[in-house]
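Trainee: Sending over protein.txt (compact mmCIF, C-alpha atoms and all ligand atoms).
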# COMPACT_ATOMS: atom_id res chain seq x y z
CA MET A 1 43.84 27.56 9.18
CA SER A 2 41.55 27.84 12.18
CA ILE A 3 38.04 29.32 12.54
CA GLU A 4 36.68 30.89 15.71
CA LEU A 5 33.46 29.45 17.17
CA LYS A 6 33.59 31.60 20.29
CA LYS A 7 36.37 33.57 21.93
CA ASN A 8 39.24 31.11 22.44
CA ILE A 9 37.28 28.20 21.00
CA ASP A 10 38.48 27.40 17.49
CA TRP A 11 37.90 24.80 14.80
CA VAL A 12 41.35 23.40 13.97
CA GLY A 13 40.42 20.36 11.85
CA PHE A 14 41.01 19.31 8.26
CA VAL A 15 38.87 19.73 5.14
CA ASP A 16 39.32 16.64 2.97
CA TRP A 17 38.24 17.86 -0.47
CA ASN A 18 39.50 14.73 -2.23
CA VAL A 19 37.99 11.83 -0.32
CA ARG A 20 35.44 10.00 -2.50
CA ASP A 21 35.19 6.69 -0.68
CA PHE A 22 34.83 6.63 3.09
CA HIS A 23 34.71 2.91 3.88
CA SER A 24 32.21 2.52 1.02
CA TYR A 25 30.30 5.70 1.83
CA ASP A 26 30.26 7.68 -1.40
CA THR A 27 31.64 11.09 -0.42
CA GLN A 28 31.17 12.97 -3.68
CA ARG A 29 31.26 16.26 -1.77
CA GLY A 30 34.32 15.35 0.29
CA ALA A 31 34.40 15.37 4.08
CA THR A 32 35.87 17.18 7.06
CA TYR A 33 37.39 15.89 10.29
CA ASN A 34 36.54 18.52 12.86
CA SER A 35 38.77 19.13 15.80
CA TYR A 36 38.23 21.93 18.33
CA LEU A 37 40.78 23.77 20.44
CA ILE A 38 39.64 25.41 23.69
CA ARG A 39 42.10 27.81 25.32
CA ASP A 40 41.47 28.80 28.91
CA GLU A 41 43.58 28.35 32.05
CA LYS A 42 43.84 24.83 30.68
CA THR A 43 43.92 24.01 26.97
CA ALA A 44 41.89 21.16 25.54
CA LEU A 45 41.65 19.63 22.10
CA ILE A 46 38.39 17.87 21.25
CA ASP A 47 38.85 14.98 18.80
CA THR A 48 41.54 14.68 16.16
CA VAL A 49 41.74 13.87 12.45
CA LYS A 50 42.59 10.98 10.14
CA ALA A 51 46.22 9.89 10.42
CA PRO A 52 47.46 11.36 7.09
CA PHE A 53 46.33 14.83 8.17
CA ALA A 54 47.95 14.98 11.61
CA ASP A 55 50.47 17.59 10.42
CA TYR A 56 47.68 19.93 9.31
CA LEU A 57 46.04 19.61 12.70
CA LEU A 58 49.32 20.32 14.50
CA ARG A 59 49.94 23.36 12.29
CA ASN A 60 46.45 24.70 13.13
CA ILE A 61 47.05 24.18 16.85
CA ARG A 62 50.45 25.87 16.60
CA GLU A 63 48.79 28.93 15.07
CA LYS A 64 46.88 29.33 18.31
CA THR A 65 49.20 28.11 21.02
CA ASP A 66 52.47 26.42 21.80
CA LEU A 67 52.13 22.64 21.55
CA ASN A 68 53.48 22.34 25.11
CA ASN A 69 50.40 24.19 26.34
CA VAL A 70 47.87 21.53 25.42
CA ASP A 71 46.71 19.83 28.64
CA TYR A 72 43.95 17.55 27.38
CA ILE A 73 42.93 15.67 24.28
CA ILE A 74 39.34 14.49 24.49
CA CYS A 75 38.60 11.39 22.44
CA ASN A 76 34.83 11.14 21.99
CA HIS A 77 35.01 8.19 19.61
CA ALA A 78 37.74 5.67 18.76
CA GLU A 79 36.98 5.29 15.05
CA LEU A 80 40.09 6.08 13.07
CA ASP A 81 38.79 9.15 11.28
CA HIS A 82 38.93 10.84 14.70
CA SER A 83 41.58 8.88 16.52
CA GLY A 84 43.99 7.96 13.70
CA SER A 85 46.38 10.80 14.43
CA LEU A 86 46.47 10.20 18.21
CA PRO A 87 49.90 8.47 18.13
CA MET A 88 51.42 11.55 16.43
CA LEU A 89 49.49 13.92 18.68
CA MET A 90 50.41 12.18 21.93
CA ASN A 91 54.01 12.44 20.82
CA ALA A 92 53.87 16.06 19.67
CA LEU A 93 51.86 17.34 22.68
CA PRO A 94 54.10 16.22 25.56
CA ASN A 95 51.91 17.60 28.34
CA ALA A 96 48.59 16.29 27.07
CA THR A 97 46.47 13.78 28.96
CA LEU A 98 44.00 11.81 26.92
CA LEU A 99 40.46 11.95 28.32
CA CYS A 100 38.10 9.21 27.22
CA ASN A 101 35.64 6.69 28.64
CA ALA A 102 36.72 3.19 29.67
CA LYS A 103 35.26 1.56 26.56
CA CYS A 104 37.07 4.02 24.34
CA CYS A 105 40.34 3.31 26.13
CA GLU A 106 39.83 -0.40 25.53
CA THR A 107 39.07 0.20 21.85
CA LEU A 108 42.08 2.48 21.37
CA SER A 109 44.29 -0.20 22.88
CA GLY A 110 43.13 -2.47 20.06
CA TYR A 111 44.43 -0.02 17.49
CA PHE A 112 47.48 1.55 19.12
CA ASP A 113 50.19 0.91 21.64
CA ILE A 114 48.83 3.20 24.35
CA ASN A 115 51.12 2.08 27.18
CA SER A 116 53.16 5.27 27.20
CA TRP A 117 50.14 7.60 26.95
CA LYS A 118 48.86 9.60 29.91
CA ILE A 119 45.18 8.64 30.05
CA LYS A 120 42.40 9.67 32.40
CA ILE A 121 39.14 7.75 32.21
CA VAL A 122 36.12 10.05 32.38
CA SER A 123 32.54 9.19 33.19
CA PRO A 124 29.26 11.12 32.94
CA GLU A 125 29.66 12.31 36.56
CA ASP A 126 32.93 14.06 35.77
CA ARG A 127 33.28 17.72 35.02
CA ILE A 128 36.69 18.90 33.86
CA SER A 129 37.35 22.54 34.69
CA LEU A 130 39.36 24.43 32.10
CA GLY A 131 39.24 27.70 34.09
CA SER A 132 36.32 29.92 33.23
CA ARG A 133 34.76 27.07 31.30
CA SER A 134 34.35 23.34 31.76
CA LEU A 135 33.51 20.13 29.95
CA SER A 136 31.20 17.32 30.94
CA PHE A 137 30.60 14.07 29.11
CA VAL A 138 27.62 11.98 28.03
CA ASN A 139 28.05 8.42 26.83
CA ILE A 140 25.92 7.66 23.79
CA PRO A 141 26.59 3.93 23.31
CA MET A 142 25.96 2.66 19.76
CA VAL A 143 25.52 6.13 18.29
CA HIS A 144 27.25 4.69 16.52
CA TRP A 145 30.00 2.67 18.28
CA PRO A 146 29.87 1.18 21.79
CA GLU A 147 32.27 3.79 23.18
CA SER A 148 30.70 6.85 21.49
CA MET A 149 30.53 9.89 23.74
CA VAL A 150 29.73 13.58 23.40
CA SER A 151 31.26 16.50 25.30
CA TYR A 152 29.29 19.47 26.56
CA MET A 153 30.42 22.93 27.62
CA PRO A 154 27.67 24.35 29.88
CA GLU A 155 29.10 27.89 30.09
CA GLU A 156 28.82 28.38 26.33
CA GLU A 157 26.06 25.78 25.82
CA ILE A 158 28.06 24.02 23.10
CA LEU A 159 27.54 20.33 22.39
CA PHE A 160 30.56 18.69 20.78
CA SER A 161 28.52 15.90 19.27
CA ASN A 162 31.15 13.90 17.40
CA ASP A 163 29.48 11.90 14.57
CA ALA A 164 25.92 12.83 15.59
CA PHE A 165 24.41 15.66 13.52
CA GLY A 166 27.38 15.53 11.13
CA GLN A 167 27.51 15.52 7.34
CA HIS A 168 30.13 14.43 4.84
CA LEU A 169 30.68 17.75 3.18
CA ALA A 170 33.87 19.64 2.31
CA THR A 171 33.27 23.39 2.29
CA SER A 172 35.28 26.57 2.67
CA VAL A 173 32.89 27.78 5.38
CA ARG A 174 32.34 26.18 8.76
CA PHE A 175 28.80 27.12 9.78
CA VAL A 176 25.47 25.83 8.52
CA ASP A 177 24.10 29.38 8.18
CA GLN A 178 26.88 30.19 5.70
CA TRP A 179 25.73 27.48 3.28
CA ASN A 180 22.58 26.16 1.63
CA LEU A 181 20.41 24.71 4.41
CA ALA A 182 18.53 22.29 2.13
CA HIS A 183 21.82 20.79 0.93
CA VAL A 184 23.19 20.52 4.47
CA LEU A 185 20.04 18.74 5.65
CA GLN A 186 20.20 16.41 2.64
CA GLU A 187 23.82 15.52 3.49
CA ALA A 188 22.89 15.09 7.16
CA LYS A 189 20.12 12.74 6.04
CA SER A 190 22.51 10.75 3.88
CA TYR A 191 24.92 10.54 6.82
CA TYR A 192 22.14 9.40 9.14
CA ALA A 193 20.82 6.81 6.66
CA ASN A 194 24.21 5.25 5.99
CA ILE A 195 25.92 5.50 9.39
CA VAL A 196 23.35 5.87 12.13
CA THR A 197 20.15 4.08 11.01
CA PRO A 198 20.71 0.74 12.79
CA TYR A 199 20.85 2.55 16.12
CA GLY A 200 17.57 4.50 15.97
CA LYS A 201 16.45 3.42 19.45
CA GLN A 202 19.68 4.65 20.99
CA VAL A 203 19.38 7.90 19.01
CA LEU A 204 15.91 8.49 20.44
CA LYS A 205 17.30 7.97 23.97
CA THR A 206 20.14 10.38 23.21
CA LEU A 207 17.70 12.98 21.90
CA GLU A 208 15.73 12.67 25.14
CA ALA A 209 18.92 13.44 27.07
CA VAL A 210 19.80 16.28 24.70
CA LYS A 211 16.39 17.88 25.36
CA THR A 212 17.33 18.37 29.00
CA ILE A 213 20.34 20.59 28.31
CA PRO A 214 20.36 24.06 26.77
CA ILE A 215 22.21 24.11 23.44
CA LYS A 216 23.28 27.19 21.53
CA MET A 217 25.68 25.39 19.23
CA ILE A 218 26.24 21.85 17.99
CA ALA A 219 29.79 21.25 16.85
CA PRO A 220 29.94 17.84 15.14
CA SER A 221 33.05 16.00 14.03
CA HIS A 222 32.05 16.10 10.35
CA GLY A 223 30.77 18.92 8.20
CA LEU A 224 29.21 22.20 9.19
CA ILE A 225 28.59 23.54 12.69
CA TRP A 226 25.03 24.25 13.83
CA ARG A 227 24.85 27.70 15.48
CA THR A 228 21.45 28.18 13.81
CA ASN A 229 18.73 25.69 12.80
CA ILE A 230 19.41 23.53 15.86
CA SER A 231 15.74 22.68 16.26
CA ASP A 232 15.62 21.76 12.54
CA ILE A 233 18.38 19.17 12.75
CA ILE A 234 17.06 17.77 16.05
CA SER A 235 13.55 17.37 14.64
CA GLU A 236 14.96 15.73 11.50
CA TYR A 237 16.90 13.28 13.70
CA LEU A 238 13.69 12.55 15.61
CA ARG A 239 11.88 11.84 12.33
CA TRP A 240 14.66 9.62 10.96
CA ALA A 241 15.22 7.77 14.23
CA SER A 242 11.53 7.02 14.61
CA GLY A 243 11.44 5.64 11.04
CA GLN A 244 8.73 8.00 9.87
CA TYR A 245 7.36 7.14 6.41
CA GLU A 246 7.03 9.77 3.70
CA SER A 247 4.66 9.40 0.73
CA LYS A 248 7.50 7.72 -1.04
CA MET A 249 8.23 4.37 -2.66
CA VAL A 250 11.43 3.02 -4.11
CA ILE A 251 11.85 0.69 -7.09
CA LEU A 252 15.25 -0.98 -7.07
CA TYR A 253 16.25 -3.10 -10.04
CA ASP A 254 19.13 -4.62 -11.94
CA THR A 255 18.70 -5.77 -15.48
CA MET A 256 20.63 -7.89 -17.98
CA TRP A 257 18.84 -7.33 -21.32
CA GLU A 258 16.28 -4.70 -20.27
CA SER A 259 13.40 -7.10 -19.51
CA THR A 260 13.50 -6.36 -15.78
CA GLN A 261 13.99 -2.69 -16.59
CA LYS A 262 10.77 -2.66 -18.65
CA MET A 263 8.96 -4.26 -15.71
CA ALA A 264 10.40 -1.66 -13.32
CA GLU A 265 9.30 1.15 -15.62
CA GLU A 266 5.75 -0.23 -15.76
CA ILE A 267 5.61 -0.48 -11.97
CA SER A 268 6.73 3.13 -11.82
CA ARG A 269 4.16 4.18 -14.46
CA GLY A 270 1.37 2.50 -12.52
CA ALA A 271 2.44 4.24 -9.30
CA VAL A 272 2.74 7.66 -10.91
CA ASP A 273 -0.64 7.29 -12.66
CA TYR A 274 -2.22 6.38 -9.34
CA SER A 275 -0.66 9.42 -7.67
CA ASN A 276 -1.73 11.72 -10.52
CA SER A 277 -5.28 10.45 -10.40
CA LEU A 278 -5.41 11.13 -6.66
CA GLU A 279 -3.97 14.58 -7.11
CA LYS A 280 -6.46 15.36 -9.88
CA SER A 281 -9.41 14.40 -7.70
CA ALA A 282 -7.91 16.31 -4.76
CA ASN A 283 -7.49 19.38 -6.98
CA SER A 284 -11.08 19.29 -8.20
CA TYR A 285 -12.14 18.87 -4.56
CA ASP A 286 -9.81 21.73 -3.70
CA VAL A 287 -11.55 24.12 -6.10
CA GLN A 288 -14.86 23.45 -4.40
CA SER A 289 -13.73 23.32 -0.79
CA SER A 290 -10.51 25.37 -0.67
CA LYS A 291 -8.71 22.38 0.93
CA SER A 292 -5.10 21.61 0.01
CA PRO A 293 -4.50 18.83 -2.52
CA SER A 294 -2.78 15.69 -1.26
CA SER A 295 1.00 15.61 -1.60
CA ALA A 296 2.36 13.94 -4.73
CA LEU A 297 3.89 10.52 -4.39
CA ASP A 298 7.69 10.40 -4.65
CA VAL A 299 8.57 7.39 -6.83
CA GLN A 300 12.29 6.65 -6.97
CA LEU A 301 13.14 4.42 -9.95
CA LEU A 302 16.73 3.31 -9.30
CA HIS A 303 18.90 1.10 -11.50
CA ILE A 304 21.20 -0.18 -8.80
CA ARG A 305 24.33 -0.32 -10.97
CA LYS A 306 23.83 3.33 -11.90
CA THR A 307 23.11 4.47 -8.34
CA THR A 308 25.52 4.40 -5.42
CA LEU A 309 24.83 2.35 -2.31
CA THR A 310 24.92 5.61 -0.37
CA ARG A 311 22.12 7.16 -2.43
CA ILE A 312 20.06 3.94 -2.34
CA ALA A 313 20.25 3.84 1.47
CA THR A 314 19.34 7.53 1.69
CA GLU A 315 16.25 7.01 -0.48
CA MET A 316 15.25 3.92 1.51
CA LEU A 317 15.39 5.70 4.88
CA ASP A 318 11.96 7.35 4.73
CA ALA A 319 10.27 5.25 2.01
CA ALA A 320 7.15 3.33 3.00
CA ALA A 321 7.30 0.72 0.25
CA VAL A 322 9.73 -0.93 -2.11
CA ALA A 323 9.60 -3.09 -5.25
CA ILE A 324 12.81 -4.99 -5.92
CA GLY A 325 13.60 -6.65 -9.24
CA SER A 326 16.42 -8.57 -10.81
CA SER A 327 17.16 -10.63 -13.85
CA THR A 328 18.30 -14.19 -13.18
CA LEU A 329 22.01 -14.93 -13.51
CA ASN A 330 23.34 -18.43 -12.76
CA ALA A 331 20.14 -19.21 -10.85
CA GLN A 332 20.69 -16.20 -8.57
CA MET A 333 19.75 -12.54 -8.50
CA MET A 334 22.31 -10.25 -10.19
CA PRO A 335 25.44 -10.03 -8.03
CA GLN A 336 25.30 -6.33 -7.31
CA MET A 337 21.69 -6.67 -6.22
CA SER A 338 22.96 -9.13 -3.61
CA ALA A 339 25.40 -6.48 -2.41
CA VAL A 340 22.64 -3.85 -2.22
CA LEU A 341 20.31 -6.17 -0.29
CA THR A 342 23.10 -7.15 2.12
CA TYR A 343 23.76 -3.47 2.77
CA ILE A 344 20.07 -2.65 3.27
CA LYS A 345 19.60 -5.62 5.58
CA GLY A 346 22.44 -4.41 7.82
CA LEU A 347 21.01 -0.90 8.04
CA LYS A 348 17.81 -2.24 9.66
CA PHE A 349 15.42 0.32 8.25
CA ARG A 350 11.86 0.32 9.51
CA GLU A 351 10.10 -2.35 7.42
CA LYS A 352 9.02 -1.47 3.87
CA SER A 353 6.05 -3.20 2.28
CA GLY A 354 6.62 -4.49 -1.21
CA PHE A 355 7.19 -7.32 -3.64
CA ALA A 356 9.78 -8.92 -5.91
CA PHE A 357 9.90 -9.02 -9.69
CA GLY A 358 12.29 -9.92 -12.47
CA SER A 359 13.06 -11.98 -15.53
CA PHE A 360 14.51 -15.43 -16.10
CA GLY A 361 15.48 -17.65 -19.04
CA TRP A 362 15.70 -21.38 -18.57
CA GLY A 363 15.51 -21.59 -14.81
CA PRO A 364 14.36 -19.61 -11.74
CA GLY A 365 16.55 -17.57 -9.39
CA GLY A 366 16.31 -13.76 -9.54
CA PRO A 367 12.82 -12.86 -8.28
CA GLU A 368 12.61 -16.00 -6.13
CA ASN A 369 15.73 -15.08 -4.17
CA ILE A 370 14.52 -11.53 -3.73
CA GLN A 371 11.26 -12.91 -2.35
CA LYS A 372 13.32 -14.95 0.15
CA TRP A 373 15.15 -11.78 1.14
CA PHE A 374 11.82 -10.02 1.82
CA GLU A 375 10.89 -12.89 4.12
CA GLU A 376 14.28 -12.90 5.84
CA VAL A 377 14.18 -9.18 6.69
CA LYS A 378 10.47 -9.45 7.59
CA TYR A 379 9.27 -6.82 5.14
CA PRO A 380 5.52 -7.33 4.49
CA VAL A 381 5.09 -9.01 1.08
CA LEU A 382 2.12 -7.61 -0.79
CA ARG A 383 1.96 -10.11 -3.63
CA SER A 384 3.76 -13.06 -5.23
CA PRO A 385 6.80 -12.24 -7.39
CA ILE A 386 6.07 -11.03 -10.92
CA LYS A 387 8.18 -13.08 -13.32
CA ALA A 388 8.87 -12.71 -17.04
CA LYS A 389 10.41 -15.49 -19.16
CA PHE A 390 12.98 -13.82 -21.43
CA ARG A 391 10.77 -10.82 -22.39
CA PRO A 392 7.78 -9.53 -20.40
CA THR A 393 4.54 -10.11 -22.34
CA GLU A 394 1.78 -7.49 -22.47
CA GLU A 395 0.03 -9.46 -19.76
CA ILE A 396 3.09 -9.37 -17.49
CA LEU A 397 3.57 -5.67 -18.12
CA LEU A 398 -0.06 -5.07 -17.17
CA GLN A 399 0.57 -7.01 -13.94
CA CYS A 400 3.52 -4.72 -13.26
CA TYR A 401 1.43 -1.62 -13.94
CA GLU A 402 -1.32 -2.80 -11.58
CA ALA A 403 1.23 -3.79 -8.93
CA GLY A 404 2.69 -0.27 -9.19
CA LYS A 405 -0.75 1.22 -8.53
CA MET A 406 -1.26 -1.13 -5.61
CA LEU A 407 2.14 -0.22 -4.15
CA ALA A 408 1.37 3.49 -4.51
CA GLN A 409 -1.93 3.04 -2.70
CA LYS A 410 -0.19 1.13 0.10
CA THR A 411 2.47 3.83 0.34
CA TYR A 412 -0.15 6.55 0.85
CA LEU A 413 -1.95 4.47 3.46
CA LEU A 414 1.25 3.80 5.39
CA ALA A 415 2.36 7.43 5.27
CA GLN A 416 -1.03 8.69 6.42
CA ASN A 417 -1.72 6.13 9.16
CA GLN A 418 1.53 5.88 11.12
FE1 LIG A 501 33.35 9.83 12.05
FE2 LIG A 501 32.30 6.97 13.46
O1 LIG A 501 33.54 8.16 12.79
Kindly present the structure from the file in structure tokens form.
Ligand code: FEO
Mentor:
Amino acid sequence: MSIELKKNIDWVGFVDWNVRDFHSYDTQRGATYNSYLIRDEKTALIDTVKAPFADYLLRNIREKTDLNNVDYIICNHAELDHSGSLPMLMNALPNATLLCNAKCCETLSGYFDINSWKIKIVSPEDRISLGSRSLSFVNIPMVHWPESMVSYMPEEEILFSNDAFGQHLATSVRFVDQWNLAHVLQEAKSYYANIVTPYGKQVLKTLEAVKTIPIKMIAPSHGLIWRTNISDIISEYLRWASGQYESKMVILYDTMWESTQKMAEEISRGAVDYSNSLEKSANSYDVQSSKSPSSALDVQLLHIRKTTLTRIATEMLDAAAVAIGSSTLNAQMMPQMSAVLTYIKGLKFREKSGFAFGSFGWGPGGPENIQKWFEEVKYPVLRSPIKAKFRPTEEILLQCYEAGKMLAQKTYLLAQNQ
């Protein structure tokens, strides 16, 4: 089944309703691999699909044209969700030349035997005429692989943006304006947080380049197509790439016998009480002065074994502060907390201010190792770790409550003064 974007420009990709794990990305809403067919004097296919779905892609192309008619396959990105079906495609489309940049060619040669493929290396100076329309190319290295590239059709002002501006989202419709915008933006945020975050500087450079070209449509390689709300998604990307803080703090914890959980809950209670007290005073001020009350603090209290890595990363993206707690197991933090912290470290979020906490029995390990992690990733540490032996005493719980208030105050300050 294909869907028309413009006359003779069709989506011919695959909607993967069943994928739930995309190399550890939790795809509860499925995914799509978008491929676009442009028919003009020349016929071009932009990007392909995961290997198991090559037949669906070929069937969609066949609906529109004879397979012999395809002149070009443009490979914007060598990752296998877009290139995996190239061996089948290069075989089934006998007249197709693969267009990609030199880095992409090198990467593809690491995955496939490309010796028999007709390949033309393209660079940003090249413009490929398809007849009444054309394609030019912009390299966007490290957004999010070294060979990443986007294709642009000036006549229709369509940016084929590959992974950029995409979302992991299986839907029966193809355009953002046919779905719930808030949900699309949330999925785009999750995609950004989990896939793109480490490359924020490169994203900002790319957005600078994007500003110089007129765009009426952004056709990404995952999820819904932006023919509306283009300024919304670009401004969200600007916000995410610049690491803007929201009035938001995250409490991540793992717990063995609920001691660390009690501490986490007290930290949360302190933070929420602080936020409520601010809002109350802002409201009473509001009555007298007609000024808006301050925004409420978003406190995310996340048990890390009940929350996916994908969600944790998404919540971390725009948080200003974080408290991280773990019970002690074999003189270490809990093992899944290690996995979470390894993942967060790799994503290179803008630094979050915070502190460590947790419980122990007969020896140290949990909070101390989290403290070391804070130092390693250079997150500002606001206080020494809060530690509870077996069960947190009233005194320790009070420390947690006060630390929660302090973290909330810091969060507001960071969000307001950035
Ligand atoms: Fe959708 Fe980086 O592949």
Trainee: Give as a ChimeraX atom specification the residues surrounding ligand LIG 501 (chain A) up to a distance of 10 Å, considering only C-alpha atoms and all ligand atoms.
Mentor: /A:22,31-34,49-50,76-83,142-145,148,162-164,166-168,191,195-196,220-222
Trainee: Which residue out of A:Ser132, A:Ser295, A:Ser277, A:Ser190 has the minimum interatomic distance to Arg29 (chain A) when all atoms listed in the file are used?
Mentor: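 Among the listed residues, A:Ser190 lies closest to Arg29 (chain A).
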Trainee: For CA of Arg239 (chain A) and CA of Leu159 (chain A), quote the distance in Å rounded to one decimal.
Mentor: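 Straight-line distance from CA of Arg239 (chain A) to CA of Leu159 (chain A) works out to 20.5 Å.
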Trainee: Please measure the separation of CA of Ala331 (chain A) and CA of Trp362 (chain A), giving the value in Å to one decimal.
Mentor: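 Computed distance, CA of Ala331 (chain A) to CA of Trp362 (chain A), equals 9.2 Å.
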Trainee: Could you check how far CA of Gln371 (chain A) sits from CA of Asp26 (chain A), in Å to one decimal?
Mentor: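 Separation between CA of Gln371 (chain A) and CA of Asp26 (chain A): 28.0 Å.
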Trainee: Name the residues in contact with Met316 (chain A) at a cut-off of 12 Å, using only C-alpha atoms, excluding same-chain residues fewer than 5 positions from it; report them as a ChimeraX atom specification.
Mentor: /A:189-190,192-194,197,240,243-252,298-302,309-311,321-324,340-341,343-345,347-353
Trainee: Near Leu108 (chain A), within 12 Å and counting all atoms listed in the file, which residues show up once chain neighbours fewer than 4 positions away are dropped, as a tab-separated table (two decimals) with C-alpha atoms, in the frame of the given file?
Mentor:
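Everything below was put into selection08.tsv:
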chain	number	residue	atom	x	y	z
A	75	CYS	CA	38.60	11.39	22.44
A	76	ASN	CA	34.83	11.14	21.99
A	77	HIS	CA	35.01	8.19	19.61
A	78	ALA	CA	37.74	5.67	18.76
A	79	GLU	CA	36.98	5.29	15.05
A	80	LEU	CA	40.09	6.08	13.07
A	82	HIS	CA	38.93	10.84	14.70
A	83	SER	CA	41.58	8.88	16.52
A	84	GLY	CA	43.99	7.96	13.70
A	85	SER	CA	46.38	10.80	14.43
A	86	LEU	CA	46.47	10.20	18.21
A	87	PRO	CA	49.90	8.47	18.13
A	98	LEU	CA	44.00	11.81	26.92
A	99	LEU	CA	40.46	11.95	28.32
A	100	CYS	CA	38.10	9.21	27.22
A	101	ASN	CA	35.64	6.69	28.64
A	102	ALA	CA	36.72	3.19	29.67
A	103	LYS	CA	35.26	1.56	26.56
A	104	CYS	CA	37.07	4.02	24.34
A	112	PHE	CA	47.48	1.55	19.12
A	113	ASP	CA	50.19	0.91	21.64
A	114	ILE	CA	48.83	3.20	24.35
A	115	ASN	CA	51.12	2.08	27.18
A	117	TRP	CA	50.14	7.60	26.95
A	119	ILE	CA	45.18	8.64	30.05
A	147	GLU	CA	32.27	3.79	23.18
Trainee: Could you produce a table of the residues of region 121-185 of chain A lying within 8 Å of region 225-232 of chain A, with the nearest pair of atoms per residue and their separation in Å rounded to one decimal, using all atoms listed in the file, ordered by chain and increasing residue number, as JSON lines?
Mentor:
{"residue": "A:Arg174", "atom": "CA", "partner": "A:Ile225", "partner_atom": "CA", "distance": 6.0}
{"residue": "A:Phe175", "atom": "CA", "partner": "A:Ile225", "partner_atom": "CA", "distance": 4.6}
{"residue": "A:Val176", "atom": "CA", "partner": "A:Trp226", "partner_atom": "CA", "distance": 5.6}
{"residue": "A:Asp177", "atom": "CA", "partner": "A:Thr228", "partner_atom": "CA", "distance": 6.3}
Trainee: So which residues touch Arg383 (chain A) within 12 Å, counting only C-alpha atoms, skipping near sequence neighbours fewer than 6 positions away, as a ChimeraX atom specification?
Mentor: /A:323,353-357,371,374,399-400,402-404,406-407
Trainee: Which residues are close to region 204-215 of chain A, i.e. within 6 Å by all atoms listed in the file, leaving aside same-chain residues fewer than 2 positions away? Reply as an NGL selection string.
Mentor: :A and (157-158 or 201-202 or 217)
Trainee: To test the calculation: enclose all listed atoms of region 19-31 of chain A in a box whose edges run along x, y and z, add 3 Å on each side, then state centre and edge lengths in Å to one decimal, as JSON.
Mentor:
{"center_x": 34.1, "center_y": 9.4, "center_z": 0.2, "size_x": 13.7, "size_y": 19.7, "size_z": 13.8}
Trainee: Which residues are near Met256 (chain A)? Cut-off 10 Å, all atoms listed in the file, ignore same chain within fewer than 6 positions. Put them as a list in words.
Mentor: Ser326, Ser327, Thr328, Leu329, Met334, Ser359 and Phe360 of chain A
Trainee: Which of these residues is nearest to Glu266 (chain A), using only C-alpha atoms: A:Tyr253, A:Tyr237, A:Tyr401, A:Phe137?
Mentor: A:Tyr401
Trainee: Using only C-alpha atoms, find the one residue out of A:Asn69, A:Thr97, A:Ser109, A:Gln28 that sits nearest to Ala170 (chain A).
Mentor: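 Smallest distance to Ala170 (chain A) is found for A:Gln28.
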Trainee: Would you mind putting back N, CA, C and O atoms on region 189-197 of chain A, then writing it out as a PDB file, in the coordinates of the input?
Mentor:
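The resulting file, out_19.pdb, is reproduced below:
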ATOM      1  N   LYS A 189      21.011  13.895   6.215  1.00  0.00           N
ATOM      2  CA  LYS A 189      20.120  12.740   6.040  1.00  0.00           C
ATOM      3  C   LYS A 189      20.881  11.554   5.480  1.00  0.00           C
ATOM      4  O   LYS A 189      20.727  10.414   5.948  1.00  0.00           O
ATOM      5  N   SER A 190      21.698  11.812   4.480  1.00  0.00           N
ATOM      6  CA  SER A 190      22.510  10.750   3.880  1.00  0.00           C
ATOM      7  C   SER A 190      23.431  10.132   4.944  1.00  0.00           C
ATOM      8  O   SER A 190      23.576   8.909   5.046  1.00  0.00           O
ATOM      9  N   TYR A 191      24.034  10.996   5.752  1.00  0.00           N
ATOM     10  CA  TYR A 191      24.920  10.540   6.820  1.00  0.00           C
ATOM     11  C   TYR A 191      24.142   9.668   7.817  1.00  0.00           C
ATOM     12  O   TYR A 191      24.571   8.574   8.197  1.00  0.00           O
ATOM     13  N   TYR A 192      22.964  10.167   8.195  1.00  0.00           N
ATOM     14  CA  TYR A 192      22.140   9.400   9.140  1.00  0.00           C
ATOM     15  C   TYR A 192      21.793   8.040   8.541  1.00  0.00           C
ATOM     16  O   TYR A 192      21.956   6.991   9.186  1.00  0.00           O
ATOM     17  N   ALA A 193      21.300   8.046   7.292  1.00  0.00           N
ATOM     18  CA  ALA A 193      20.820   6.810   6.660  1.00  0.00           C
ATOM     19  C   ALA A 193      21.926   5.760   6.594  1.00  0.00           C
ATOM     20  O   ALA A 193      21.697   4.575   6.848  1.00  0.00           O
ATOM     21  N   ASN A 194      23.123   6.195   6.258  1.00  0.00           N
ATOM     22  CA  ASN A 194      24.210   5.250   5.990  1.00  0.00           C
ATOM     23  C   ASN A 194      25.046   4.886   7.205  1.00  0.00           C
ATOM     24  O   ASN A 194      25.715   3.861   7.212  1.00  0.00           O
ATOM     25  N   ILE A 195      25.041   5.737   8.226  1.00  0.00           N
ATOM     26  CA  ILE A 195      25.920   5.500   9.390  1.00  0.00           C
ATOM     27  C   ILE A 195      25.107   5.194  10.646  1.00  0.00           C
ATOM     28  O   ILE A 195      25.500   4.359  11.455  1.00  0.00           O
ATOM     29  N   VAL A 196      24.012   5.875  10.825  1.00  0.00           N
ATOM     30  CA  VAL A 196      23.350   5.870  12.130  1.00  0.00           C
ATOM     31  C   VAL A 196      22.093   4.996  12.183  1.00  0.00           C
ATOM     32  O   VAL A 196      21.685   4.536  13.252  1.00  0.00           O
ATOM     33  N   THR A 197      21.471   4.736  11.022  1.00  0.00           N
ATOM     34  CA  THR A 197      20.150   4.080  11.010  1.00  0.00           C
ATOM     35  C   THR A 197      20.004   2.869  11.925  1.00  0.00           C
ATOM     36  O   THR A 197      18.998   2.748  12.626  1.00  0.00           O
TER      37      THR A 197
END
